[in-house]
file coords.pdb (PDB, C-alpha atoms and all ligand atoms)
ATOM      1  CA  MET I   1      74.247 113.045  74.671
ATOM      2  CA  PHE I   2      77.516 112.818  76.597
ATOM      3  CA  GLN I   3      80.806 112.369  74.743
ATOM      4  CA  LYS I   4      83.167 114.862  76.263
ATOM      5  CA  ILE I   5      83.154 115.756  79.939
ATOM      6  CA  ALA I   6      85.251 118.068  82.089
ATOM      7  CA  VAL I   7      86.401 117.423  85.646
ATOM      8  CA  ILE I   8      87.411 120.418  87.762
ATOM      9  CA  GLY I   9      90.049 119.636  90.399
ATOM     10  CA  ALA I  10      92.830 117.074  89.957
ATOM     11  CA  GLY I  11      92.980 115.764  93.538
ATOM     12  CA  THR I  12      92.177 112.178  94.557
ATOM     13  CA  MET I  13      88.471 112.424  93.712
ATOM     14  CA  GLY I  14      88.996 114.367  90.464
ATOM     15  CA  ASN I  15      91.583 111.955  89.112
ATOM     16  CA  GLY I  16      89.416 108.971  90.072
ATOM     17  CA  ILE I  17      86.386 110.448  88.294
ATOM     18  CA  ALA I  18      88.481 111.238  85.184
ATOM     19  CA  HIS I  19      89.851 107.661  85.257
ATOM     20  CA  CYS I  20      86.358 106.079  85.353
ATOM     21  CA  PHE I  21      84.936 108.144  82.498
ATOM     22  CA  ALA I  22      88.041 107.672  80.312
ATOM     23  CA  GLN I  23      87.956 103.920  80.918
ATOM     24  CA  GLU I  24      84.381 103.794  79.609
ATOM     25  CA  GLY I  25      85.218 105.655  76.386
ATOM     26  CA  PHE I  26      84.534 109.305  77.247
ATOM     27  CA  ASN I  27      86.958 112.058  76.337
ATOM     28  CA  VAL I  28      87.866 113.826  79.562
ATOM     29  CA  HIS I  29      89.224 117.328  80.158
ATOM     30  CA  LEU I  30      90.894 117.363  83.558
ATOM     31  CA  ILE I  31      91.174 120.961  84.782
ATOM     32  CA  ASP I  32      93.191 122.373  87.671
ATOM     33  CA  VAL I  33      94.790 125.798  88.180
ATOM     34  CA  ASN I  34      97.866 123.998  89.498
ATOM     35  CA  ALA I  35      99.900 122.464  86.636
ATOM     36  CA  GLU I  36     101.956 120.368  89.070
ATOM     37  CA  GLN I  37      98.770 118.850  90.483
ATOM     38  CA  LEU I  38      97.746 117.852  86.953
ATOM     39  CA  ILE I  39     101.043 116.014  86.473
ATOM     40  CA  LYS I  40     100.558 114.206  89.805
ATOM     41  CA  ALA I  41      96.980 113.309  88.818
ATOM     42  CA  LEU I  42      98.115 111.783  85.516
ATOM     43  CA  GLN I  43     100.756 109.769  87.388
ATOM     44  CA  ALA I  44      98.116 108.507  89.839
ATOM     45  CA  ILE I  45      95.755 107.557  86.995
ATOM     46  CA  ARG I  46      98.581 105.728  85.185
ATOM     47  CA  LYS I  47      99.452 103.841  88.386
ATOM     48  CA  ASN I  48      95.822 102.871  89.057
ATOM     49  CA  LEU I  49      95.316 101.744  85.436
ATOM     50  CA  ASP I  50      98.533  99.691  85.619
ATOM     51  CA  ARG I  51      97.260  98.071  88.807
ATOM     52  CA  GLN I  52      94.068  97.059  86.995
ATOM     53  CA  VAL I  53      96.178  95.594  84.154
ATOM     54  CA  THR I  54      98.308  93.627  86.640
ATOM     55  CA  ARG I  55      95.157  92.280  88.313
ATOM     56  CA  GLY I  56      93.725  91.352  84.900
ATOM     57  CA  SER I  57      90.607  93.529  85.116
ATOM     58  CA  ILE I  58      91.498  95.476  81.925
ATOM     59  CA  SER I  59      93.867  94.861  78.990
ATOM     60  CA  GLU I  60      97.006  96.897  78.458
ATOM     61  CA  GLU I  61      95.544  98.215  75.205
ATOM     62  CA  ASP I  62      92.335  99.440  76.923
ATOM     63  CA  SER I  63      94.382 100.960  79.720
ATOM     64  CA  ASN I  64      96.525 102.922  77.237
ATOM     65  CA  ALA I  65      93.438 104.020  75.294
ATOM     66  CA  ALA I  66      91.801 105.257  78.520
ATOM     67  CA  TYR I  67      94.903 107.235  79.467
ATOM     68  CA  GLU I  68      95.053 108.823  75.984
ATOM     69  CA  ARG I  69      91.460 110.060  76.334
ATOM     70  CA  ILE I  70      92.443 112.413  79.175
ATOM     71  CA  SER I  71      93.702 115.916  78.328
ATOM     72  CA  THR I  72      94.719 118.444  80.951
ATOM     73  CA  PHE I  73      93.973 122.170  81.181
ATOM     74  CA  THR I  74      94.948 124.925  83.585
ATOM     75  CA  GLN I  75      92.360 127.369  82.157
ATOM     76  CA  LEU I  76      88.736 126.641  83.023
ATOM     77  CA  GLU I  77      87.508 128.605  79.977
ATOM     78  CA  SER I  78      89.293 126.420  77.420
ATOM     79  CA  GLY I  79      88.599 123.165  79.274
ATOM     80  CA  VAL I  80      84.799 123.534  79.456
ATOM     81  CA  LYS I  81      83.926 125.332  76.229
ATOM     82  CA  ASP I  82      82.890 122.226  74.241
ATOM     83  CA  VAL I  83      81.762 119.678  76.870
ATOM     84  CA  GLN I  84      78.309 118.304  77.679
ATOM     85  CA  LEU I  85      78.940 117.741  81.404
ATOM     86  CA  VAL I  86      81.226 119.302  83.996
ATOM     87  CA  ILE I  87      81.874 117.540  87.309
ATOM     88  CA  GLU I  88      83.387 119.832  89.909
ATOM     89  CA  ALA I  89      85.641 118.084  92.448
ATOM     90  CA  ALA I  90      87.467 121.073  93.948
ATOM     91  CA  SER I  91      88.027 121.795  97.662
ATOM     92  CA  GLU I  92      85.046 121.509  99.991
ATOM     93  CA  ASP I  93      84.807 125.258 100.444
ATOM     94  CA  LEU I  94      81.473 126.862  99.587
ATOM     95  CA  GLN I  95      82.951 130.150  98.383
ATOM     96  CA  ILE I  96      85.401 128.353  96.064
ATOM     97  CA  LYS I  97      82.550 126.271  94.660
ATOM     98  CA  LEU I  98      80.324 129.340  94.158
ATOM     99  CA  ASN I  99      83.136 131.065  92.236
ATOM    100  CA  ILE I 100      83.705 127.975  90.088
ATOM    101  CA  PHE I 101      80.010 127.559  89.267
ATOM    102  CA  LYS I 102      79.728 131.231  88.347
ATOM    103  CA  ALA I 103      82.650 130.798  85.947
ATOM    104  CA  LEU I 104      81.213 127.525  84.613
ATOM    105  CA  ASP I 105      77.896 129.221  83.916
ATOM    106  CA  ALA I 106      79.724 131.895  81.938
ATOM    107  CA  HIS I 107      81.970 129.566  79.908
ATOM    108  CA  ALA I 108      80.313 126.145  79.535
ATOM    109  CA  PRO I 109      77.810 125.644  76.668
ATOM    110  CA  LYS I 110      74.260 126.727  77.602
ATOM    111  CA  ASP I 111      72.875 123.170  77.637
ATOM    112  CA  CYS I 112      75.832 121.701  79.562
ATOM    113  CA  ILE I 113      74.946 120.000  82.871
ATOM    114  CA  LEU I 114      76.963 121.189  85.862
ATOM    115  CA  ALA I 115      77.528 118.603  88.601
ATOM    116  CA  SER I 116      79.290 118.876  91.941
ATOM    117  CA  ASN I 117      81.046 116.038  93.744
ATOM    118  CA  THR I 118      80.491 117.830  97.061
ATOM    119  CA  SER I 119      80.160 115.441  99.993
ATOM    120  CA  SER I 120      77.839 117.643 102.035
ATOM    121  CA  LEU I 121      77.452 121.242 100.776
ATOM    122  CA  SER I 122      74.032 122.317  99.512
ATOM    123  CA  ILE I 123      73.499 121.732  95.783
ATOM    124  CA  THR I 124      70.697 124.315  95.857
ATOM    125  CA  THR I 125      73.107 126.954  97.221
ATOM    126  CA  ILE I 126      75.804 126.002  94.679
ATOM    127  CA  ALA I 127      73.196 126.197  91.876
ATOM    128  CA  SER I 128      72.264 129.723  92.977
ATOM    129  CA  ALA I 129      75.593 130.958  91.558
ATOM    130  CA  THR I 130      74.331 130.068  88.064
ATOM    131  CA  ALA I 131      71.501 131.117  85.765
ATOM    132  CA  ARG I 132      70.751 127.397  85.094
ATOM    133  CA  PRO I 133      69.816 125.880  88.491
ATOM    134  CA  ASP I 134      67.663 123.283  86.675
ATOM    135  CA  LYS I 135      70.891 121.889  85.165
ATOM    136  CA  VAL I 136      72.872 121.715  88.429
ATOM    137  CA  ILE I 137      73.022 118.388  90.264
ATOM    138  CA  GLY I 138      75.147 116.508  92.816
ATOM    139  CA  MET I 139      77.212 113.497  91.710
ATOM    140  CA  HIS I 140      78.893 112.280  94.871
ATOM    141  CA  PHE I 141      81.518 109.637  94.115
ATOM    142  CA  MET I 142      83.198 107.528  96.813
ATOM    143  CA  ASN I 143      86.924 107.048  97.364
ATOM    144  CA  PRO I 144      88.646 105.125  95.769
ATOM    145  CA  VAL I 145      86.494 106.103  92.796
ATOM    146  CA  PRO I 146      87.649 103.351  90.389
ATOM    147  CA  VAL I 147      86.681 100.717  92.967
ATOM    148  CA  MET I 148      83.545 102.011  94.705
ATOM    149  CA  LYS I 149      80.288 101.312  92.860
ATOM    150  CA  LEU I 150      78.122 104.066  94.335
ATOM    151  CA  VAL I 151      77.310 107.491  92.952
ATOM    152  CA  GLU I 152      75.001 109.423  95.257
ATOM    153  CA  ILE I 153      72.875 111.669  93.026
ATOM    154  CA  ILE I 154      71.618 114.782  94.771
ATOM    155  CA  ASN I 155      68.721 116.760  93.383
ATOM    156  CA  GLY I 156      68.867 120.434  94.226
ATOM    157  CA  TYR I 157      65.620 122.319  94.820
ATOM    158  CA  GLN I 158      65.412 123.269  91.133
ATOM    159  CA  THR I 159      67.173 120.324  89.428
ATOM    160  CA  SER I 160      64.962 119.200  86.526
ATOM    161  CA  GLU I 161      63.656 115.644  86.290
ATOM    162  CA  GLU I 162      65.233 115.368  82.839
ATOM    163  CA  VAL I 163      68.696 116.204  84.211
ATOM    164  CA  THR I 164      68.263 113.626  86.999
ATOM    165  CA  ARG I 165      67.230 111.020  84.398
ATOM    166  CA  LEU I 166      70.221 111.767  82.144
ATOM    167  CA  ILE I 167      72.709 111.630  85.026
ATOM    168  CA  THR I 168      71.164 108.417  86.388
ATOM    169  CA  GLU I 169      71.557 106.775  82.959
ATOM    170  CA  LEU I 170      75.086 108.099  82.663
ATOM    171  CA  CYS I 171      76.036 106.356  85.931
ATOM    172  CA  SER I 172      75.142 103.010  84.381
ATOM    173  CA  ARG I 173      77.314 103.818  81.351
ATOM    174  CA  ILE I 174      80.320 104.186  83.653
ATOM    175  CA  LYS I 175      79.296 100.972  85.479
ATOM    176  CA  LYS I 176      78.295 102.705  88.705
ATOM    177  CA  ILE I 177      75.125 102.257  90.727
ATOM    178  CA  PRO I 178      73.217 105.479  91.470
ATOM    179  CA  ALA I 179      71.228 106.193  94.643
ATOM    180  CA  THR I 180      69.193 109.394  94.797
ATOM    181  CA  SER I 181      69.055 111.802  97.703
ATOM    182  CA  LYS I 182      67.259 115.069  98.381
ATOM    183  CA  ASP I 183      69.395 118.091  99.140
ATOM    184  CA  TYR I 184      69.671 118.127 102.954
ATOM    185  CA  PRO I 185      72.892 118.337 105.018
ATOM    186  CA  GLY I 186      75.172 115.333 104.459
ATOM    187  CA  PHE I 187      72.671 113.866 101.942
ATOM    188  CA  ILE I 188      72.318 110.124 102.715
ATOM    189  CA  ALA I 189      75.926 108.866 102.751
ATOM    190  CA  ASN I 190      77.509 111.267 105.184
ATOM    191  CA  ARG I 191      74.402 111.760 107.316
ATOM    192  CA  ILE I 192      74.773 108.101 108.256
ATOM    193  CA  LEU I 193      78.545 107.548 107.922
ATOM    194  CA  MET I 194      79.813 110.578 109.859
ATOM    195  CA  PRO I 195      77.773 110.019 113.058
ATOM    196  CA  MET I 196      79.159 106.447 113.075
ATOM    197  CA  ILE I 197      82.732 107.706 112.725
ATOM    198  CA  ASN I 198      82.096 110.408 115.347
ATOM    199  CA  GLU I 199      80.672 107.812 117.763
ATOM    200  CA  ALA I 200      83.742 105.612 117.250
ATOM    201  CA  ILE I 201      85.959 108.615 118.098
ATOM    202  CA  SER I 202      83.843 109.361 121.196
ATOM    203  CA  ALA I 203      84.135 105.715 122.295
ATOM    204  CA  LEU I 204      87.916 106.006 121.931
ATOM    205  CA  HIS I 205      87.958 109.354 123.775
ATOM    206  CA  GLU I 206      85.920 107.906 126.659
ATOM    207  CA  GLY I 207      88.202 104.868 126.863
ATOM    208  CA  VAL I 208      85.502 102.333 126.012
ATOM    209  CA  GLY I 209      87.973 100.598 123.702
ATOM    210  CA  ASP I 210      91.336 101.225 122.059
ATOM    211  CA  VAL I 211      91.797 102.005 118.348
ATOM    212  CA  GLU I 212      92.343  98.378 117.412
ATOM    213  CA  SER I 213      89.352  97.047 119.392
ATOM    214  CA  ILE I 214      86.963  99.611 117.954
ATOM    215  CA  ASP I 215      88.045  98.917 114.377
ATOM    216  CA  THR I 216      88.099  95.138 114.878
ATOM    217  CA  VAL I 217      84.530  95.130 116.228
ATOM    218  CA  MET I 218      83.235  96.975 113.174
ATOM    219  CA  LYS I 219      85.394  95.072 110.652
ATOM    220  CA  LEU I 220      84.777  91.555 111.882
ATOM    221  CA  GLY I 221      81.437  92.116 113.615
ATOM    222  CA  MET I 222      79.731  94.153 110.906
ATOM    223  CA  ALA I 223      81.762  93.108 107.837
ATOM    224  CA  HIS I 224      82.948  96.639 107.098
ATOM    225  CA  PRO I 225      86.086  96.608 104.880
ATOM    226  CA  MET I 226      87.747  99.171 107.179
ATOM    227  CA  GLY I 227      87.015 100.022 110.811
ATOM    228  CA  PRO I 228      85.580 103.534 111.404
ATOM    229  CA  LEU I 229      88.865 104.960 112.740
ATOM    230  CA  GLN I 230      90.903 103.598 109.822
ATOM    231  CA  LEU I 231      88.213 104.892 107.452
ATOM    232  CA  ALA I 232      88.358 108.334 109.099
ATOM    233  CA  ASP I 233      92.147 108.381 108.518
ATOM    234  CA  PHE I 234      91.561 107.323 104.899
ATOM    235  CA  ILE I 235      88.929 110.041 104.267
ATOM    236  CA  GLY I 236      90.961 112.713 106.125
ATOM    237  CA  LEU I 237      90.139 113.881 109.656
ATOM    238  CA  ASP I 238      89.767 117.492 108.468
ATOM    239  CA  ILE I 239      87.158 116.375 105.933
ATOM    240  CA  CYS I 240      85.284 114.370 108.588
ATOM    241  CA  LEU I 241      85.313 117.409 110.882
ATOM    242  CA  ASN I 242      84.027 119.721 108.134
ATOM    243  CA  ILE I 243      81.192 117.358 107.258
ATOM    244  CA  LEU I 244      80.186 116.990 110.916
ATOM    245  CA  ARG I 245      80.112 120.784 111.184
ATOM    246  CA  VAL I 246      77.838 120.977 108.124
ATOM    247  CA  LEU I 247      75.497 118.435 109.799
ATOM    248  CA  HIS I 248      75.668 120.219 113.156
ATOM    249  CA  ASP I 249      75.017 123.673 111.660
ATOM    250  CA  GLY I 250      72.450 122.412 109.155
ATOM    251  CA  PHE I 251      70.256 120.511 111.617
ATOM    252  CA  GLY I 252      71.108 122.481 114.791
ATOM    253  CA  ASN I 253      71.094 119.163 116.635
ATOM    254  CA  PRO I 254      73.745 118.455 119.316
ATOM    255  CA  ARG I 255      73.907 114.796 118.274
ATOM    256  CA  TYR I 256      76.109 115.887 115.339
ATOM    257  CA  ALA I 257      78.581 117.861 117.506
ATOM    258  CA  PRO I 258      82.101 116.719 116.560
ATOM    259  CA  SER I 259      84.016 114.802 119.221
ATOM    260  CA  PRO I 260      86.556 117.075 121.003
ATOM    261  CA  LEU I 261      89.211 114.436 120.210
ATOM    262  CA  LEU I 262      88.547 114.886 116.477
ATOM    263  CA  VAL I 263      88.750 118.670 116.857
ATOM    264  CA  ASN I 264      92.080 118.308 118.700
ATOM    265  CA  LEU I 265      93.621 115.932 116.163
ATOM    266  CA  VAL I 266      92.757 118.295 113.321
ATOM    267  CA  ALA I 267      94.132 121.294 115.255
ATOM    268  CA  ALA I 268      97.354 119.320 115.799
ATOM    269  CA  GLY I 269      97.681 118.698 112.067
ATOM    270  CA  LYS I 270      97.117 114.945 112.426
ATOM    271  CA  LEU I 271      94.786 114.487 109.493
ATOM    272  CA  GLY I 272      95.213 110.760 108.783
ATOM    273  CA  VAL I 273      96.905 109.016 105.843
ATOM    274  CA  LYS I 274      97.710 112.260 103.997
ATOM    275  CA  THR I 275      99.822 113.675 106.855
ATOM    276  CA  GLY I 276     101.295 110.327 107.949
ATOM    277  CA  GLU I 277      99.374 110.181 111.235
ATOM    278  CA  GLY I 278      95.811 110.141 112.517
ATOM    279  CA  PHE I 279      94.469 107.295 114.639
ATOM    280  CA  TYR I 280      97.244 105.198 113.056
ATOM    281  CA  LYS I 281     100.763 106.034 111.866
ATOM    282  CA  TYR I 282     101.631 105.664 108.173
ATOM    283  CA  GLU I 283     105.099 105.292 106.641
TER     284      GLU I 283
HETATM  285  N1  LIG W   1      92.320 102.674  91.874
HETATM  286  C1  LIG W   1      92.003 101.553  91.202
HETATM  287  N2  LIG W   1      91.849 100.351  91.804
HETATM  288  C2  LIG W   1      92.083 100.302  93.123
HETATM  289  C3  LIG W   1      92.439 101.417  93.895
HETATM  290  C4  LIG W   1      92.545 102.652  93.209
HETATM  291  N3  LIG W   1      92.842 103.792  93.847
HETATM  292  N4  LIG W   1      92.582 101.033  95.190
HETATM  293  C5  LIG W   1      92.326  99.722  95.240
HETATM  294  N5  LIG W   1      92.021  99.267  93.990
HETATM  295  C6  LIG W   1      91.555  97.935  93.626
HETATM  296  C7  LIG W   1      92.610  96.898  93.640
HETATM  297  O1  LIG W   1      93.290  96.840  92.386
HETATM  298  C8  LIG W   1      91.802  95.630  93.899
HETATM  299  O2  LIG W   1      91.192  95.206  92.669
HETATM  300  P1  LIG W   1      90.747  93.664  92.392
HETATM  301  O3  LIG W   1      89.690  93.341  93.416
HETATM  302  O4  LIG W   1      90.212  93.722  90.969
HETATM  303  O5  LIG W   1      91.952  92.824  92.544
HETATM  304  C9  LIG W   1      90.721  96.093  94.851
HETATM  305  O6  LIG W   1      90.606  97.498  94.639
HETATM  306  C10 LIG W   1      91.059  95.831  96.304
HETATM  307  O7  LIG W   1      92.298  96.469  96.600
HETATM  308  P2  LIG W   1      93.414  95.915  97.592
HETATM  309  O8  LIG W   1      93.424  94.401  97.537
HETATM  310  O9  LIG W   1      94.691  96.627  97.324
HETATM  311  O10 LIG W   1      92.981  96.416  99.015
HETATM  312  P3  LIG W   1      91.752  96.055  99.912
HETATM  313  O11 LIG W   1      91.136  94.757  99.587
HETATM  314  O12 LIG W   1      92.260  96.307 101.286
HETATM  315  O13 LIG W   1      90.669  97.195  99.523
HETATM  316  C11 LIG W   1      89.674  99.320  99.649
HETATM  317  C12 LIG W   1      90.976  98.551  99.598
HETATM  318  C13 LIG W   1      88.907  99.098  98.338
HETATM  319  C14 LIG W   1      90.011 100.779  99.795
HETATM  320  C15 LIG W   1      88.811  98.762 100.864
HETATM  321  O14 LIG W   1      89.555  98.806 102.041
HETATM  322  C16 LIG W   1      87.533  99.530 101.070
HETATM  323  O15 LIG W   1      86.533  99.312 100.393
HETATM  324  N6  LIG W   1      87.544 100.460 102.067
HETATM  325  C17 LIG W   1      86.396 101.300 102.391
HETATM  326  C18 LIG W   1      86.334 102.424 101.415
HETATM  327  C19 LIG W   1      85.197 103.344 101.685
HETATM  328  O16 LIG W   1      84.386 103.161 102.590
HETATM  329  N7  LIG W   1      85.130 104.397 100.889
HETATM  330  C20 LIG W   1      84.137 105.426 101.071
HETATM  331  C21 LIG W   1      84.749 106.522 101.873
HETATM  332  S1  LIG W   1      83.596 107.804 102.131
HETATM  333  C22 LIG W   1      83.722 108.733 100.760
HETATM  334  O17 LIG W   1      84.514 108.547  99.875
HETATM  335  C23 LIG W   1      82.769 109.838 100.640
HETATM  336  C24 LIG W   1      82.795 110.958 101.574
HETATM  337  O18 LIG W   1      82.070 111.890 101.293
HETATM  338  C25 LIG W   1      83.589 111.026 102.802
END

call {"tool": "encode", "arguments": {"input": "coords.pdb", "output": "C-alpha cells", "more": "lines below"}}
Ligand code: CAA
result
Amino acid sequence: MFQKIAVIGAGTMGNGIAHCFAQEGFNVHLIDVNAEQLIKALQAIRKNLDRQVTRGSISEEDSNAAYERISTFTQLESGVKDVQLVIEAASEDLQIKLNIFKALDAHAPKDCILASNTSSLSITTIASATARPDKVIGMHFMNPVPVMKLVEIINGYQTSEEVTRLITELCSRIKKIPATSKDYPGFIANRILMPMINEAISALHEGVGDVESIDTVMKLGMAHPMGPLQLADFIGLDICLNILRVLHDGFGNPRYAPSPLLVNLVAAGKLGVKTGEGFYKYE
C-alpha cells in the first residue's frame, strides 16, 4: 500500500527518517517551511549515505538511488497531496503539532495514515485535531535513525487495529524492529530512559560522582553505548527537560520532577552537543 511517503520537518529526526525510507525504495517528500533547513537536511543525508558507502554497508549506486528518491517541498499542501503515509517530525510543541495535523487532515488523501514521531506528547490529543483519529498513530524513531533499529509504535485511543498492523509491517520493510506502546506519558522508551538520565543528573548534582565516573559506570558496568550524561547531551538537554515535564505533569508524581541542575543548564543555554556544551564541551 505504501509507495510514496511524506516527512514533515527536516531536522535530525526528519532527515534520518527520510534517509531510511529512501534507502529501502520508497519515494520520499521531505517538507519543511524553511528552505535553508531542507538544503542542510539533504547535505546531512548525503554525508550519512557516503559514510555507509565508505563502511561498505551499501553500494555507491544504491546510495545515489536513495538520494534521488528524496524530493523537497516548502508547501505542505503540495508535498502531501499524493502520499499514502505522512510522518510528522516537527518541533515537540503540542500547538505546532495540532496545527500541522489539522492541515494534514485537510490536504492529505482521505485514506492516508498520519503518524507522529513525537517522543512523549499524546497521540490521542494530536489525533483530535483531525477527522480521522483511527488513522493517526505514533512512530517514534530513535536517533541516529539510520543506525537505531527500534520504532516505538504508539496506538492512540482511537487508532484502528488495521492501521497498527499496516505500520508494524511497514517497519519490517524499512528493516526496523517495532515495539508497541499504549498512549501514556513518555510511552515506554522515555518513561524508562528519562528517569535514568534524571537520576544520573541528580547523582552529579549531589556529588555522588563526577561526570566521567557516572558515565563510566553505566557504559562499562551496564554495557550502554553512551553514559547517561553523554546521552543527555546527545539528545539535547532541553528535550530531556521537556520530556520530564510531560512525565511529571502527566502522572502528577514527584519522582519525575526534573533535577534542578538540568533546569539550570537549560536556562543557561547549555543544551548539549547542539550548543557546544552540556555535561561535556564539544568543539
Ligand atoms: N547516519 C548513518 N550512520 C551512522 C550515523 C548516522 N547519523 N551515525 C553513526 N552511524 C553508523 C556508523 O557509520 C557506524 O556504522 P558501521 O557499524 O556499519 O560501521 C555505526 O553507526 C557506529 O558509528 P561510529 O563508529 O561512528 O560511532 P559509535 O560506535 O560511537 O556509535 C552511536 C555511535 C551509534 C551513536 C552509539 O554511540 C549509540 O548507539 N549511542 C546511543 C544512541 C541512543 O541511545 N539513541 C537513542 C536516543 S533516545 C531517542 O532518540 C529518543 C528520544 O525520544 C529521546

call {"tool": "resolve_selection", "arguments": {"input": "coords.pdb", "expression": "the PyMOL selection byres (((not hetatm)) within 6 of (chain W and resi 1))", "output": "PDB file with C-alpha atoms, in the frame of the given file"}}
result
ATOM      1  CA  ASN I  48      95.822 102.871  89.057  1.00  0.00           C
ATOM      2  CA  ARG I  51      97.260  98.071  88.807  1.00  0.00           C
ATOM      3  CA  GLN I  52      94.068  97.059  86.995  1.00  0.00           C
ATOM      4  CA  ARG I  55      95.157  92.280  88.313  1.00  0.00           C
ATOM      5  CA  SER I  57      90.607  93.529  85.116  1.00  0.00           C
ATOM      6  CA  SER I 119      80.160 115.441  99.993  1.00  0.00           C
ATOM      7  CA  MET I 142      83.198 107.528  96.813  1.00  0.00           C
ATOM      8  CA  ASN I 143      86.924 107.048  97.364  1.00  0.00           C
ATOM      9  CA  PRO I 144      88.646 105.125  95.769  1.00  0.00           C
ATOM     10  CA  PRO I 146      87.649 103.351  90.389  1.00  0.00           C
ATOM     11  CA  VAL I 147      86.681 100.717  92.967  1.00  0.00           C
ATOM     12  CA  PRO I 225      86.086  96.608 104.880  1.00  0.00           C
ATOM     13  CA  MET I 226      87.747  99.171 107.179  1.00  0.00           C
ATOM     14  CA  ILE I 235      88.929 110.041 104.267  1.00  0.00           C
TER      15      ILE I 235
END

call {"tool": "atom_distance", "arguments": {"input": "coords.pdb", "atom1": "atom CA of Val217 of chain I", "atom2": "atom CA of Met13 of chain I"}}
result
28.7 Å

call {"tool": "resolve_selection", "arguments": {"input": "coords.pdb", "expression": "the PyMOL selection byres (((chain I and resi 160) around 10) and not hetatm)", "output": "VMD selection string"}}
result
chain I and resid 133 to 137 155 to 159 161 to 165

call {"tool": "atom_distance", "arguments": {"input": "coords.pdb", "atom1": "atom CA of Arg191 of chain I", "atom2": "atom CA of Ser91 of chain I"}}
result
19.5 Å

call {"tool": "closest_residue", "arguments": {"input": "coords.pdb", "among": "I:Gln43, I:Asn99, I:Asn117, I:Thr124", "to": "Gly14 of chain I", "atoms": "all atoms listed in the file"}}
result
I:Asn117

call {"tool": "atom_distance", "arguments": {"input": "coords.pdb", "atom1": "atom CA of Tyr282 of chain I", "atom2": "atom CA of Leu241 of chain I"}}
result
20.3 Å

call {"tool": "closest_residue", "arguments": {"input": "coords.pdb", "among": "I:Ala10, I:Asn242, I:Gly252, I:Leu237", "to": "Lys270 of chain I", "atoms": "all atoms listed in the file"}}
result
I:Leu237

call {"tool": "closest_residue", "arguments": {"input": "coords.pdb", "among": "I:Pro260, I:Gly250, I:Pro109, I:Gly56", "to": "Val80 of chain I", "atoms": "all atoms listed in the file"}}
result
I:Pro109

call {"tool": "residues_around", "arguments": {"input": "coords.pdb", "residues": "Pro254 of chain I", "least_positions_apart": "6", "cutoff": "12 Å", "atoms": "only C-alpha atoms", "output": "PyMOL selection string"}}
result
chain I and resi 195+244-245+247-248

call {"tool": "residues_around", "arguments": {"input": "coords.pdb", "residues": "Leu262 of chain I", "least_positions_apart": "5", "cutoff": "10 Å", "atoms": "only C-alpha atoms", "output": "list in words"}}
result
Ile197, Asn198, Ile201, Ser202, His205, Ala232, Leu237, Asp238, Cys240, Leu241, Ala267, Ala268, Lys270, Leu271, Gly278 and Phe279 of chain I

call {"tool": "write_last_selection", "arguments": {"input": "coords.pdb", "atoms": "C-alpha atoms", "output": "mmCIF file, in the frame of the given file"}}
result
data_model
loop_
_atom_site.group_PDB
_atom_site.id
_atom_site.type_symbol
_atom_site.label_atom_id
_atom_site.label_comp_id
_atom_site.auth_asym_id
_atom_site.auth_seq_id
_atom_site.Cartn_x
_atom_site.Cartn_y
_atom_site.Cartn_z
ATOM 1 C CA ILE I 197 82.732 107.706 112.725
ATOM 2 C CA ASN I 198 82.096 110.408 115.347
ATOM 3 C CA ILE I 201 85.959 108.615 118.098
ATOM 4 C CA SER I 202 83.843 109.361 121.196
ATOM 5 C CA HIS I 205 87.958 109.354 123.775
ATOM 6 C CA ALA I 232 88.358 108.334 109.099
ATOM 7 C CA LEU I 237 90.139 113.881 109.656
ATOM 8 C CA ASP I 238 89.767 117.492 108.468
ATOM 9 C CA CYS I 240 85.284 114.370 108.588
ATOM 10 C CA LEU I 241 85.313 117.409 110.882
ATOM 11 C CA ALA I 267 94.132 121.294 115.255
ATOM 12 C CA ALA I 268 97.354 119.320 115.799
ATOM 13 C CA LYS I 270 97.117 114.945 112.426
ATOM 14 C CA LEU I 271 94.786 114.487 109.493
ATOM 15 C CA GLY I 278 95.811 110.141 112.517
ATOM 16 C CA PHE I 279 94.469 107.295 114.639
#

call {"tool": "closest_residue", "arguments": {"input": "coords.pdb", "among": "I:Glu68, I:Asp183, I:Asp210, I:Glu61", "to": "Glu152 of chain I", "atoms": "only C-alpha atoms"}}
result
I:Asp183

call {"tool": "closest_residue", "arguments": {"input": "coords.pdb", "among": "I:Ala108, I:Ile188, I:Leu204, I:Leu42", "to": "Pro228 of chain I", "atoms": "only C-alpha atoms"}}
result
I:Leu204

call {"tool": "resolve_selection", "arguments": {"input": "coords.pdb", "expression": "the PyMOL selection byres (((chain I and resi 120) around 8) and not hetatm)", "output": "number ranges by chain"}}
result
I: 118-119, 121-122, 185-187, 190, 243, 246

call {"tool": "write_last_selection", "arguments": {"input": "coords.pdb", "atoms": "C-alpha atoms", "output": "mmCIF file, in the coordinates of the input"}}
result
data_model
loop_
_atom_site.group_PDB
_atom_site.id
_atom_site.type_symbol
_atom_site.label_atom_id
_atom_site.label_comp_id
_atom_site.auth_asym_id
_atom_site.auth_seq_id
_atom_site.Cartn_x
_atom_site.Cartn_y
_atom_site.Cartn_z
ATOM 1 C CA THR I 118 80.491 117.830 97.061
ATOM 2 C CA SER I 119 80.160 115.441 99.993
ATOM 3 C CA LEU I 121 77.452 121.242 100.776
ATOM 4 C CA SER I 122 74.032 122.317 99.512
ATOM 5 C CA PRO I 185 72.892 118.337 105.018
ATOM 6 C CA GLY I 186 75.172 115.333 104.459
ATOM 7 C CA PHE I 187 72.671 113.866 101.942
ATOM 8 C CA ASN I 190 77.509 111.267 105.184
ATOM 9 C CA ILE I 243 81.192 117.358 107.258
ATOM 10 C CA VAL I 246 77.838 120.977 108.124
#

call {"tool": "residues_around", "arguments": {"input": "coords.pdb", "residues": "Gly79 of chain I", "least_positions_apart": "3", "cutoff": "7 Å", "atoms": "only C-alpha atoms", "output": "PyMOL selection string"}}
result
chain I and resi 6+29+31+73+75-76

call {"tool": "axis_aligned_box", "arguments": {"input": "coords.pdb", "around": "segment 178-186 of chain I", "padding_each_side": "4 Å", "output": "lines of an AutoDock Vina configuration file"}}
result
center_x = 71.2
center_y = 111.9
center_z = 98.2
size_x = 15.9
size_y = 20.9
size_z = 21.5

call {"tool": "decode", "arguments": {"input": "coords.pdb", "residues": "segment 224-228 of chain I", "atoms": "C-alpha atoms", "output": "compact mmCIF listing (two decimals), in the first residue's frame"}}
result
# COMPACT_ATOMS: atom_id res chain seq x y z
CA HIS I 224 25.34 1.07 27.45
CA PRO I 225 26.95 2.56 24.29
CA MET I 226 26.91 6.03 25.90
CA GLY I 227 26.74 7.01 29.57
CA PRO I 228 23.50 8.78 30.64
